[in-house]
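Enquirer: Sharing upload_35.txt here; it has compact mmCIF, C-alpha atoms.
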# COMPACT_ATOMS: atom_id res chain seq x y z
CA MET A 6 73.04 104.36 -53.44
CA ARG A 7 69.83 102.62 -54.44
CA PRO A 8 68.30 100.80 -51.45
CA THR A 9 66.59 97.42 -51.54
CA ILE A 10 63.49 96.73 -49.49
CA THR A 11 61.68 93.47 -48.88
CA ALA A 12 57.95 92.88 -49.31
CA PHE A 13 55.55 89.92 -49.22
CA GLU A 14 55.78 87.65 -52.25
CA SER A 15 52.09 87.01 -51.66
CA SER A 16 50.55 89.79 -49.59
CA PRO A 17 47.64 88.75 -47.34
CA ASP A 18 45.86 92.02 -48.20
CA ARG A 19 45.87 91.25 -51.98
CA GLY A 20 47.50 94.58 -52.81
CA ARG A 21 45.22 96.87 -50.80
CA GLY A 22 48.23 98.75 -49.50
CA LEU A 23 47.92 97.52 -45.91
CA ALA A 24 51.23 95.62 -45.72
CA ARG A 25 53.92 97.63 -43.99
CA ASP A 26 56.20 97.96 -47.03
CA MET A 27 53.65 100.59 -48.15
CA ARG A 28 55.05 103.01 -45.52
CA VAL A 29 58.58 102.67 -46.80
CA ARG A 30 57.58 102.82 -50.48
CA TRP A 31 55.55 105.97 -49.74
CA ALA A 32 58.44 107.67 -47.94
CA LEU A 33 60.84 106.79 -50.76
CA GLU A 34 58.40 108.13 -53.34
CA GLU A 35 57.91 111.37 -51.36
CA VAL A 36 61.64 112.09 -51.52
CA GLY A 37 62.10 110.77 -55.07
CA GLN A 38 64.51 107.98 -54.16
CA PRO A 39 64.36 104.98 -56.55
CA TYR A 40 64.53 101.58 -54.88
CA ASP A 41 64.59 97.87 -55.58
CA VAL A 42 62.24 95.31 -54.07
CA ARG A 43 63.03 91.74 -53.15
CA LEU A 44 59.94 89.63 -52.57
CA VAL A 45 60.04 87.03 -49.80
CA SER A 46 57.74 84.10 -49.10
CA PHE A 47 56.30 83.39 -45.64
CA LYS A 48 58.66 80.43 -45.44
CA ALA A 49 61.73 82.50 -46.34
CA MET A 50 60.82 85.15 -43.75
CA LYS A 51 61.48 82.61 -40.99
CA GLU A 52 64.80 81.37 -42.41
CA PRO A 53 68.28 82.47 -41.28
CA ALA A 54 69.02 84.72 -44.28
CA HIS A 55 65.97 86.90 -43.55
CA LEU A 56 66.31 86.68 -39.77
CA ARG A 57 69.76 88.23 -40.14
CA LEU A 58 68.00 91.29 -41.58
CA ASN A 59 65.07 91.19 -39.14
CA PRO A 60 65.29 88.92 -36.07
CA PHE A 61 61.47 89.02 -35.81
CA GLY A 62 60.96 87.56 -39.29
CA GLN A 63 58.88 90.38 -40.71
CA ILE A 64 58.84 92.63 -43.75
CA PRO A 65 59.86 95.22 -44.77
CA THR A 66 63.61 95.36 -44.34
CA TYR A 67 65.90 98.00 -45.84
CA GLU A 68 69.40 97.47 -47.19
CA GLU A 69 71.65 100.24 -48.41
CA GLY A 70 75.30 99.31 -48.89
CA ASP A 71 76.43 97.77 -45.61
CA LEU A 72 73.50 99.18 -43.63
CA ALA A 73 70.58 96.86 -42.87
CA LEU A 74 67.51 98.11 -41.01
CA PHE A 75 64.10 96.81 -40.03
CA GLU A 76 61.02 98.39 -38.35
CA THR A 77 59.13 100.80 -40.57
CA GLY A 78 59.48 103.63 -38.04
CA SER A 79 63.23 103.36 -38.12
CA ILE A 80 63.43 102.97 -41.91
CA VAL A 81 61.15 105.93 -42.59
CA LEU A 82 63.10 108.03 -40.08
CA HIS A 83 66.36 107.06 -41.78
CA ILE A 84 64.96 108.10 -45.18
CA ALA A 85 63.62 111.34 -43.67
CA LYS A 86 67.06 112.24 -42.30
CA ARG A 87 68.82 111.50 -45.59
CA HIS A 88 66.45 113.54 -47.77
CA ALA A 89 64.52 116.79 -47.43
CA GLY A 90 60.75 116.88 -47.26
CA LEU A 91 59.69 114.49 -44.52
CA LEU A 92 60.82 116.31 -41.37
CA PRO A 93 60.66 120.04 -40.55
CA ASP A 94 63.93 121.99 -40.32
CA ASP A 95 63.05 123.60 -36.98
CA ALA A 96 64.46 121.40 -34.19
CA ASN A 97 61.34 121.47 -32.00
CA ALA A 98 58.97 120.78 -34.88
CA ARG A 99 61.27 117.96 -35.94
CA ALA A 100 61.15 116.38 -32.48
CA ARG A 101 57.35 116.63 -32.54
CA ALA A 102 57.15 114.94 -35.95
CA ILE A 103 59.24 112.08 -34.57
CA THR A 104 56.89 111.96 -31.57
CA TRP A 105 54.01 111.34 -33.98
CA MET A 106 55.95 108.52 -35.65
CA PHE A 107 56.26 106.81 -32.27
CA ALA A 108 52.64 107.60 -31.38
CA ALA A 109 51.50 105.89 -34.58
CA VAL A 110 53.32 102.61 -33.95
CA SER A 111 53.24 102.54 -30.16
CA THR A 112 49.88 104.06 -29.15
CA VAL A 113 47.50 104.05 -32.13
CA GLU A 114 48.48 100.94 -34.07
CA PRO A 115 48.57 98.25 -31.32
CA PRO A 116 44.81 98.23 -30.54
CA ILE A 117 44.13 98.30 -34.29
CA VAL A 118 46.39 95.31 -34.94
CA GLU A 119 44.93 93.50 -31.93
CA ARG A 120 41.47 93.97 -33.41
CA SER A 121 42.58 92.77 -36.87
CA MET A 122 44.25 89.77 -35.32
CA ALA A 123 41.09 88.85 -33.39
CA THR A 124 38.98 89.02 -36.56
CA LEU A 125 41.32 86.38 -37.99
CA VAL A 126 42.03 84.03 -35.09
CA GLU A 127 39.04 84.45 -32.78
CA ARG A 128 36.25 84.70 -35.33
CA ASP A 129 34.98 81.17 -34.61
CA LYS A 130 35.28 81.37 -30.82
CA PRO A 131 32.13 81.53 -28.68
CA TRP A 132 33.38 84.75 -27.11
CA TYR A 133 34.00 86.60 -30.38
CA ALA A 134 31.07 89.04 -30.26
CA GLU A 135 31.87 90.16 -26.72
CA ARG A 136 35.58 90.48 -27.47
CA LEU A 137 34.97 92.45 -30.65
CA THR A 138 32.93 94.97 -28.67
CA MET A 139 35.85 95.40 -26.25
CA LEU A 140 38.32 95.76 -29.11
CA ASP A 141 36.11 98.22 -30.99
CA ASP A 142 35.89 100.37 -27.87
CA ARG A 143 39.66 100.35 -27.43
CA ALA A 144 40.30 101.35 -31.06
CA ARG A 145 37.48 103.90 -30.84
CA ALA A 146 39.11 105.56 -27.81
CA ARG A 147 42.31 106.18 -29.79
CA LEU A 148 40.43 107.44 -32.85
CA THR A 149 38.43 109.85 -30.69
CA GLN A 150 41.63 111.25 -29.15
CA LEU A 151 43.25 111.54 -32.56
CA SER A 152 40.17 113.25 -33.97
CA HIS A 153 40.13 115.76 -31.09
CA HIS A 154 43.79 116.49 -31.66
CA MET A 155 43.36 117.06 -35.40
CA GLY A 156 40.29 119.26 -35.30
CA ARG A 157 40.27 120.99 -38.68
CA ALA A 158 43.98 120.56 -39.36
CA ASP A 159 45.20 118.95 -42.56
CA TRP A 160 48.11 117.10 -40.94
CA LEU A 161 49.16 116.06 -37.43
CA ASP A 162 51.49 118.95 -36.68
CA GLY A 163 51.55 121.71 -39.29
CA ALA A 164 53.16 120.53 -42.52
CA PHE A 165 52.92 116.96 -43.84
CA SER A 166 55.69 114.82 -42.30
CA ALA A 167 56.95 111.30 -41.73
CA GLY A 168 54.59 111.25 -38.73
CA ASP A 169 51.64 111.44 -41.12
CA ILE A 170 52.98 108.56 -43.21
CA MET A 171 53.12 106.35 -40.14
CA MET A 172 49.77 107.47 -38.72
CA VAL A 173 47.79 107.32 -41.95
CA HIS A 174 48.98 103.81 -42.63
CA ALA A 175 48.29 102.58 -39.09
CA VAL A 176 44.76 104.02 -39.11
CA ARG A 177 43.94 102.73 -42.60
CA ARG A 178 43.87 99.18 -41.20
CA LEU A 179 40.46 100.04 -39.74
CA GLU A 180 38.93 100.47 -43.19
CA GLY A 181 35.88 98.26 -43.38
CA SER A 182 35.38 98.20 -39.61
CA GLY A 183 32.84 101.03 -39.63
CA LEU A 184 34.81 102.82 -36.91
CA LEU A 185 36.49 105.41 -39.14
CA GLU A 186 33.18 106.84 -40.32
CA GLU A 187 32.48 108.08 -36.77
CA HIS A 188 35.14 110.76 -37.34
CA PRO A 189 34.77 112.67 -40.61
CA ASN A 190 38.00 114.58 -39.99
CA ILE A 191 39.88 111.27 -39.87
CA THR A 192 38.32 109.91 -43.06
CA ALA A 193 39.15 113.26 -44.69
CA TYR A 194 42.74 112.96 -43.40
CA LEU A 195 43.13 109.51 -44.97
CA ALA A 196 41.57 110.71 -48.23
CA ARG A 197 43.89 113.74 -48.26
CA ALA A 198 46.91 111.48 -47.89
CA ALA A 199 45.70 109.20 -50.66
CA THR A 200 45.64 112.08 -53.16
CA ARG A 201 49.39 112.65 -52.81
CA PRO A 202 51.18 111.55 -55.98
CA ALA A 203 53.85 109.76 -53.91
CA TYR A 204 51.16 107.77 -52.11
CA GLN A 205 49.58 106.82 -55.41
CA ARG A 206 52.88 105.69 -56.93
CA ALA A 207 53.64 103.60 -53.84
CA PHE A 208 50.16 102.11 -53.87
CA ALA A 209 50.40 101.22 -57.55
CA ALA A 210 53.80 99.61 -57.04
CA GLN A 211 52.62 97.34 -54.22
CA LEU A 212 49.42 96.47 -56.12
CA ALA A 213 51.51 95.51 -59.14
CA VAL A 214 53.20 92.80 -57.06
CA PHE A 215 49.79 91.22 -56.57
CA THR A 216 48.39 91.69 -60.07
CA GLY A 217 51.69 90.90 -61.75
CA LYS A 218 51.24 93.98 -63.93
CA ASN A 219 53.89 96.67 -64.09
CA PRO A 220 52.36 99.95 -62.84
CA ASP A 221 54.04 102.00 -65.55
CA MET U 30 67.70 123.80 -19.34
CA ARG U 31 66.22 121.45 -16.74
CA PRO U 32 63.35 119.42 -18.22
CA THR U 33 60.11 118.50 -16.44
CA ILE U 34 58.52 115.12 -16.90
CA THR U 35 55.14 113.87 -15.75
CA ALA U 36 54.51 110.64 -13.84
CA PHE U 37 51.56 108.94 -12.13
CA GLU U 38 50.57 110.54 -8.84
CA SER U 39 49.50 107.06 -7.82
CA SER U 40 51.23 104.44 -9.94
CA PRO U 41 49.26 101.21 -10.53
CA ASP U 42 52.49 99.21 -10.15
CA ARG U 43 53.13 100.57 -6.62
CA GLY U 44 56.65 101.71 -7.54
CA ARG U 45 57.88 98.52 -9.17
CA GLY U 46 59.37 100.55 -12.01
CA LEU U 47 56.91 99.37 -14.65
CA ALA U 48 55.30 102.72 -15.42
CA ARG U 49 56.73 104.30 -18.55
CA ASP U 50 58.28 107.31 -16.81
CA MET U 51 60.96 104.81 -15.74
CA ARG U 52 62.36 104.81 -19.29
CA VAL U 53 62.74 108.57 -19.37
CA ARG U 54 64.14 108.76 -15.83
CA TRP U 55 66.66 106.04 -16.72
CA ALA U 56 67.78 107.84 -19.89
CA LEU U 57 68.15 111.14 -18.01
CA GLU U 58 70.17 109.41 -15.29
CA GLU U 59 72.43 107.72 -17.86
CA VAL U 60 73.40 111.10 -19.29
CA GLY U 61 73.51 112.90 -15.93
CA GLN U 62 70.74 115.38 -16.73
CA PRO U 63 68.82 116.57 -13.63
CA TYR U 64 65.05 116.84 -14.09
CA ASP U 65 61.87 117.83 -12.33
CA VAL U 66 58.79 115.66 -11.98
CA ARG U 67 55.18 116.80 -11.95
CA LEU U 68 52.79 114.15 -10.66
CA VAL U 69 49.39 113.84 -12.32
CA SER U 70 46.24 112.05 -11.16
CA PHE U 71 44.25 109.76 -13.45
CA LYS U 72 41.58 112.46 -13.55
CA ALA U 73 44.03 115.19 -14.52
CA MET U 74 45.50 113.01 -17.31
CA LYS U 75 42.19 113.24 -19.18
CA GLU U 76 41.77 117.02 -18.73
CA PRO U 77 42.62 119.67 -21.35
CA ALA U 78 45.84 120.88 -19.70
CA HIS U 79 47.40 117.42 -19.91
CA LEU U 80 45.84 116.59 -23.28
CA ARG U 81 47.64 119.60 -24.70
CA LEU U 82 50.89 117.84 -23.77
CA ASN U 83 49.73 114.37 -24.81
CA PRO U 84 46.52 114.03 -26.86
CA PHE U 85 46.25 110.38 -25.74
CA GLY U 86 46.13 111.28 -22.05
CA GLN U 87 49.13 109.26 -20.93
CA ILE U 88 52.32 109.78 -18.96
CA PRO U 89 55.17 110.54 -19.25
CA THR U 90 55.38 113.86 -21.04
CA TYR U 91 58.53 115.96 -21.38
CA GLU U 92 58.77 119.74 -21.29
CA GLU U 93 61.94 121.70 -21.92
CA GLY U 94 61.49 125.42 -22.54
CA ASP U 95 58.94 125.73 -25.34
CA LEU U 96 59.35 122.11 -26.45
CA ALA U 97 56.72 119.59 -25.32
CA LEU U 98 57.01 115.92 -26.25
CA PHE U 99 55.22 112.67 -25.45
CA GLU U 100 55.88 108.99 -26.32
CA THR U 101 58.79 107.47 -24.44
CA GLY U 102 60.52 106.46 -27.67
CA SER U 103 60.55 110.03 -28.89
CA ILE U 104 61.58 111.47 -25.51
CA VAL U 105 64.43 109.00 -25.02
CA LEU U 106 65.60 109.63 -28.59
CA HIS U 107 65.54 113.37 -27.97
CA ILE U 108 67.63 112.95 -24.82
CA ALA U 109 70.01 110.62 -26.66
CA LYS U 110 70.58 113.20 -29.39
CA ARG U 111 71.21 116.02 -26.93
CA HIS U 112 73.73 114.12 -24.79
CA ALA U 113 76.51 111.61 -25.42
CA GLY U 114 76.27 108.02 -24.21
CA LEU U 115 72.98 106.63 -25.50
CA LEU U 116 73.62 106.35 -29.23
CA PRO U 117 76.77 105.23 -31.08
CA ASP U 118 78.73 107.83 -33.08
CA ASP U 119 78.95 105.65 -36.18
CA ALA U 120 75.99 106.50 -38.46
CA ASN U 121 75.05 102.91 -39.28
CA ALA U 122 75.29 101.74 -35.67
CA ARG U 123 73.21 104.75 -34.68
CA ALA U 124 70.48 103.85 -37.19
CA ARG U 125 70.48 100.28 -35.85
CA ALA U 126 70.13 101.49 -32.24
CA ILE U 127 67.11 103.55 -33.30
CA THR U 128 65.75 100.43 -35.05
CA TRP U 129 65.86 98.63 -31.70
CA MET U 130 63.96 101.50 -30.05
CA PHE U 131 61.17 101.05 -32.58
CA ALA U 132 61.34 97.25 -32.31
CA ALA U 133 60.83 97.53 -28.54
CA VAL U 134 57.67 99.65 -28.72
CA SER U 135 56.24 98.38 -32.00
CA THR U 136 57.06 94.66 -32.15
CA VAL U 137 57.97 93.40 -28.67
CA GLU U 138 55.83 95.50 -26.34
CA PRO U 139 52.35 95.22 -27.95
CA PRO U 140 51.80 91.48 -27.26
CA ILE U 141 53.17 92.02 -23.75
CA VAL U 142 50.78 94.89 -23.05
CA GLU U 143 47.93 92.93 -24.62
CA ARG U 144 48.66 90.08 -22.21
CA SER U 145 48.85 92.42 -19.18
CA MET U 146 45.59 94.05 -20.21
CA ALA U 147 43.85 90.67 -20.49
CA THR U 148 45.01 89.68 -16.99
CA LEU U 149 43.23 92.80 -15.76
CA VAL U 150 40.04 93.00 -17.81
CA GLU U 151 39.40 89.40 -18.91
CA ARG U 152 40.36 87.58 -15.73
CA ASP U 153 36.73 86.82 -14.81
CA LYS U 154 35.60 85.89 -18.30
CA PRO U 155 34.74 82.24 -19.09
CA TRP U 156 37.26 82.30 -21.94
CA TYR U 157 40.19 83.55 -19.87
CA ALA U 158 42.23 80.33 -19.68
CA GLU U 159 42.05 79.75 -23.43
CA ARG U 160 42.87 83.37 -24.21
CA LEU U 161 45.80 83.43 -21.82
CA THR U 162 47.31 80.44 -23.61
CA MET U 163 47.03 82.32 -26.92
CA LEU U 164 48.56 85.45 -25.40
CA ASP U 165 51.38 83.53 -23.73
CA ASP U 166 52.24 81.94 -27.06
CA ARG U 167 52.32 85.29 -28.79
CA ALA U 168 54.60 86.85 -26.17
CA ARG U 169 56.70 83.67 -26.13
CA ALA U 170 57.26 83.93 -29.89
CA ARG U 171 58.76 87.41 -29.52
CA LEU U 172 60.91 86.38 -26.56
CA THR U 173 62.24 83.40 -28.48
CA GLN U 174 63.20 85.61 -31.42
CA LEU U 175 64.80 88.14 -29.11
CA SER U 176 66.70 85.41 -27.30
CA HIS U 177 68.00 83.98 -30.60
CA HIS U 178 69.13 87.43 -31.65
CA MET U 179 70.97 88.10 -28.40
CA GLY U 180 72.78 84.80 -28.05
CA ARG U 181 75.61 85.51 -25.64
CA ALA U 182 75.71 89.26 -26.25
CA ASP U 183 75.44 91.72 -23.38
CA TRP U 184 73.33 94.26 -25.28
CA LEU U 185 71.17 94.32 -28.40
CA ASP U 186 73.75 95.70 -30.81
CA GLY U 187 77.26 96.05 -29.41
CA ALA U 188 77.43 98.80 -26.79
CA PHE U 189 74.57 99.67 -24.43
CA SER U 190 72.21 102.14 -26.10
CA ALA U 191 68.82 103.82 -25.94
CA GLY U 192 67.53 100.68 -27.71
CA ASP U 193 68.37 98.66 -24.60
CA ILE U 194 66.53 101.12 -22.34
CA MET U 195 63.38 100.70 -24.39
CA MET U 196 63.70 96.92 -24.79
CA VAL U 197 64.58 96.13 -21.18
CA HIS U 198 61.64 98.11 -19.92
CA ALA U 199 59.17 96.59 -22.38
CA VAL U 200 60.28 93.04 -21.54
CA ARG U 201 60.27 93.61 -17.77
CA ARG U 202 56.47 93.78 -17.87
CA LEU U 203 56.51 89.99 -18.20
CA GLU U 204 58.05 89.58 -14.74
CA GLY U 205 55.87 87.21 -12.77
CA SER U 206 54.41 85.57 -15.89
CA GLY U 207 56.89 82.68 -15.84
CA LEU U 208 57.71 83.32 -19.50
CA LEU U 209 61.02 85.08 -18.97
CA GLU U 210 62.57 82.11 -17.18
CA GLU U 211 62.38 80.11 -20.43
CA HIS U 212 65.26 82.25 -21.74
CA PRO U 213 68.20 82.58 -19.33
CA ASN U 214 69.97 85.02 -21.65
CA ILE U 215 66.98 87.36 -21.39
CA THR U 216 66.75 87.19 -17.60
CA ALA U 217 70.52 87.83 -17.54
CA TYR U 218 70.01 90.82 -19.86
CA LEU U 219 67.40 92.33 -17.55
CA ALA U 220 69.58 91.67 -14.50
CA ARG U 221 72.58 93.28 -16.27
CA ALA U 222 70.54 96.40 -16.97
CA ALA U 223 69.35 96.57 -13.37
CA THR U 224 72.93 96.75 -12.07
CA ARG U 225 73.58 100.01 -13.92
CA PRO U 226 73.83 102.88 -11.44
CA ALA U 227 71.60 105.06 -13.63
CA TYR U 228 68.90 102.37 -13.63
CA GLN U 229 69.11 102.13 -9.85
CA ARG U 230 68.83 105.89 -9.36
CA ALA U 231 65.82 106.01 -11.70
CA PHE U 232 64.21 103.07 -9.93
CA ALA U 233 64.73 104.63 -6.50
CA ALA U 234 63.27 107.94 -7.68
CA GLN U 235 60.06 106.38 -9.01
CA LEU U 236 59.73 104.18 -5.93
CA ALA U 237 60.06 107.24 -3.70
CA VAL U 238 56.91 108.68 -5.32
CA PHE U 239 55.03 105.66 -4.00
CA THR U 240 56.63 105.39 -0.57
CA GLY U 241 56.77 109.12 -0.05
CA LYS U 242 60.37 108.81 1.07
CA ASN U 243 63.13 110.79 -0.60
CA PRO U 244 65.62 108.35 -2.17
CA ASP U 245 68.64 110.35 -0.99
Can you give me the file's structure in the form of structure tokens?
Expert:
Amino acid sequence: MRPTITAFESSPDRGRGLARDMRVRWALEEVGQPYDVRLVSFKAMKEPAHLRLNPFGQIPTYEEGDLALFETGSIVLHIAKRHAGLLPDDANARARAITWMFAAVSTVEPPIVERSMATLVERDKPWYAERLTMLDDRARARLTQLSHHMGRADWLDGAFSAGDIMMVHAVRRLEGSGLLEEHPNITAYLARAATRPAYQRAFAAQLAVFTGKNPD
Amino acid sequence: MRPTITAFESSPDRGRGLARDMRVRWALEEVGQPYDVRLVSFKAMKEPAHLRLNPFGQIPTYEEGDLALFETGSIVLHIAKRHAGLLPDDANARARAITWMFAAVSTVEPPIVERSMATLVERDKPWYAERLTMLDDRARARLTQLSHHMGRADWLDGAFSAGDIMMVHAVRRLEGSGLLEEHPNITAYLARAATRPAYQRAFAAQLAVFTGKNPD
């Protein structure tokens, strides 16, 4: 059954692949599962029809028959269980890949989102410079730990997995901050991910929403 | 096989059940799985032996034979898969319970942690009052959405699940902020969780680390 996801009708990132539907598109492309997209406006995201799919009024959501999910971690995990290629077969390696999915959204992403949020809503405050230094240090601490963990590895835990999808996308939000360049193994990790054909198809599809041009 | 978890040797919350090992203890108690605890100091958490278990230097970790996990979401999910009682049997309901686990750590908890962090590290800054108002509003928005979702329900999605363990614990960090009292169905939800015998055993066990008294 062909699932339907939701995405921003007008993405704040202008198609740079930073909106969270990118994670779900990428996972679906990795496993070769075609999907439909329903675009929603900011207004519609706060209305009852969308809140029934996601009580927190966010995108993406995922509908497949009578199943409705939200949260990219949960959606990507659901896709990874339904199809081969995103989770290892070995039970322990599988549990570790799921650990990395949670680490991405629970440990690495929050200080990154907090920083992004501050650059939007605190930019004109008198305290902005001092706060940004604090926020940079907090994001930097996570990047340093991630960089130490990765060392010379290509992916987080052996083979590419759903954990890498979640982590790459969370970390990419720091592009332009100058912080990523402090860790060449992390910039190489992001570049490695971006060469995957599935990533490129997902990126093109979300960009096409912004440009109005069909990626094909 | 009896798992070993790690917890703070000296918990900053003085045994009020706010440290994240509480989630794992609670899940283990719900399924009746005995466990061992290894206490770690703040110094030891940043040393190589612990970083091999969790590259981000946090507690809890979970060791079971040759499996080592971190991230409470991943650990609780692992426990829930191994034992009956924390996830529904129906596949769709199971996927929704996992969605709530991710929603707890990815959508609800970050603004709560951000607020707690500010009360610690920004308390003496000239901007604190204005920032706290911003942070209260952000946490309040999530609580309002959660409250609307719950309505008169006892648990997040039908029967009690691992999603409730994660959500209850994330939301409890707002105790003392005054924000919870704006939503009687949320305070009732937390109180309902706290009456569960498994919750009480887990709470007593973590408190005993602080008081030095065996809970039995």
Enquirer: Chain A residues within 8 Å of chain U, counting all atoms listed in the file: which ones, as a PyMOL selection string?
Expert: chain A and resi 60-61+72-76+78-80+83+97+100-101+103-104+107-108+110-111+115+119+132+147+150-151+153-154
Enquirer: Could you list as a ChimeraX atom specification every residue that has an atom within 12 Å of (68.1, 103.6, -49.8), using the file's coordinates and counting all atoms listed in the file?
Expert: /A:6-10,29-30,32-34,36-42,66-74,80-88
Enquirer: Could you write those residues out with C-alpha atoms, as a CSV table (one decimal), in the coordinates of the input?
Expert:
chain,number,residue,atom,x,y,z
A,6,MET,CA,73.0,104.4,-53.4
A,7,ARG,CA,69.8,102.6,-54.4
A,8,PRO,CA,68.3,100.8,-51.4
A,9,THR,CA,66.6,97.4,-51.5
A,10,ILE,CA,63.5,96.7,-49.5
A,29,VAL,CA,58.6,102.7,-46.8
A,30,ARG,CA,57.6,102.8,-50.5
A,32,ALA,CA,58.4,107.7,-47.9
A,33,LEU,CA,60.8,106.8,-50.8
A,34,GLU,CA,58.4,108.1,-53.3
A,36,VAL,CA,61.6,112.1,-51.5
A,37,GLY,CA,62.1,110.8,-55.1
A,38,GLN,CA,64.5,108.0,-54.2
A,39,PRO,CA,64.4,105.0,-56.6
A,40,TYR,CA,64.5,101.6,-54.9
A,41,ASP,CA,64.6,97.9,-55.6
A,42,VAL,CA,62.2,95.3,-54.1
A,66,THR,CA,63.6,95.4,-44.3
A,67,TYR,CA,65.9,98.0,-45.8
A,68,GLU,CA,69.4,97.5,-47.2
A,69,GLU,CA,71.6,100.2,-48.4
A,70,GLY,CA,75.3,99.3,-48.9
A,71,ASP,CA,76.4,97.8,-45.6
A,72,LEU,CA,73.5,99.2,-43.6
A,73,ALA,CA,70.6,96.9,-42.9
A,74,LEU,CA,67.5,98.1,-41.0
A,80,ILE,CA,63.4,103.0,-41.9
A,81,VAL,CA,61.2,105.9,-42.6
A,82,LEU,CA,63.1,108.0,-40.1
A,83,HIS,CA,66.4,107.1,-41.8
A,84,ILE,CA,65.0,108.1,-45.2
A,85,ALA,CA,63.6,111.3,-43.7
A,86,LYS,CA,67.1,112.2,-42.3
A,87,ARG,CA,68.8,111.5,-45.6
A,88,HIS,CA,66.4,113.5,-47.8
Enquirer: Can you tell me, as a ChimeraX atom specification, what residues are no more than 12 Å from Phe13 (chain A) when counting only C-alpha atoms, ignoring any on the same chain fewer than 5 positions away?
Expert: /A:18-20,22-27,42-50,62-66,211-212,214-215
Enquirer: Give me, please, the distance in Å between CA of Thr200 (chain A) and CA of Thr11 (chain A), quoted to one decimal.
Expert: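 Taking CA of Thr200 (chain A) and CA of Thr11 (chain A), their separation equals 24.9 Å.
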Enquirer: Using all atoms listed in the file, can you tell me which of U:Ser145, U:Ser190, U:Ala234, U:Val197 comes closest to Thr216 (chain U)?
Expert: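 Looking at the shortest contact to Thr216 (chain U), the residue is U:Val197.
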Enquirer: Report the distance between CA of Glu180 (chain A) and CA of Leu195 (chain A) in Å, rounded to one decimal place.
Expert: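 Value for the CA of Glu180 (chain A)-CA of Leu195 (chain A) distance: 10.1 Å.
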Enquirer: Go ahead and compute the interatomic distance for CA of Ala168 (chain U) and CA of Arg202 (chain U), in Å to one decimal.
Expert: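 Distance reported for this atom pair: 11.0 Å.
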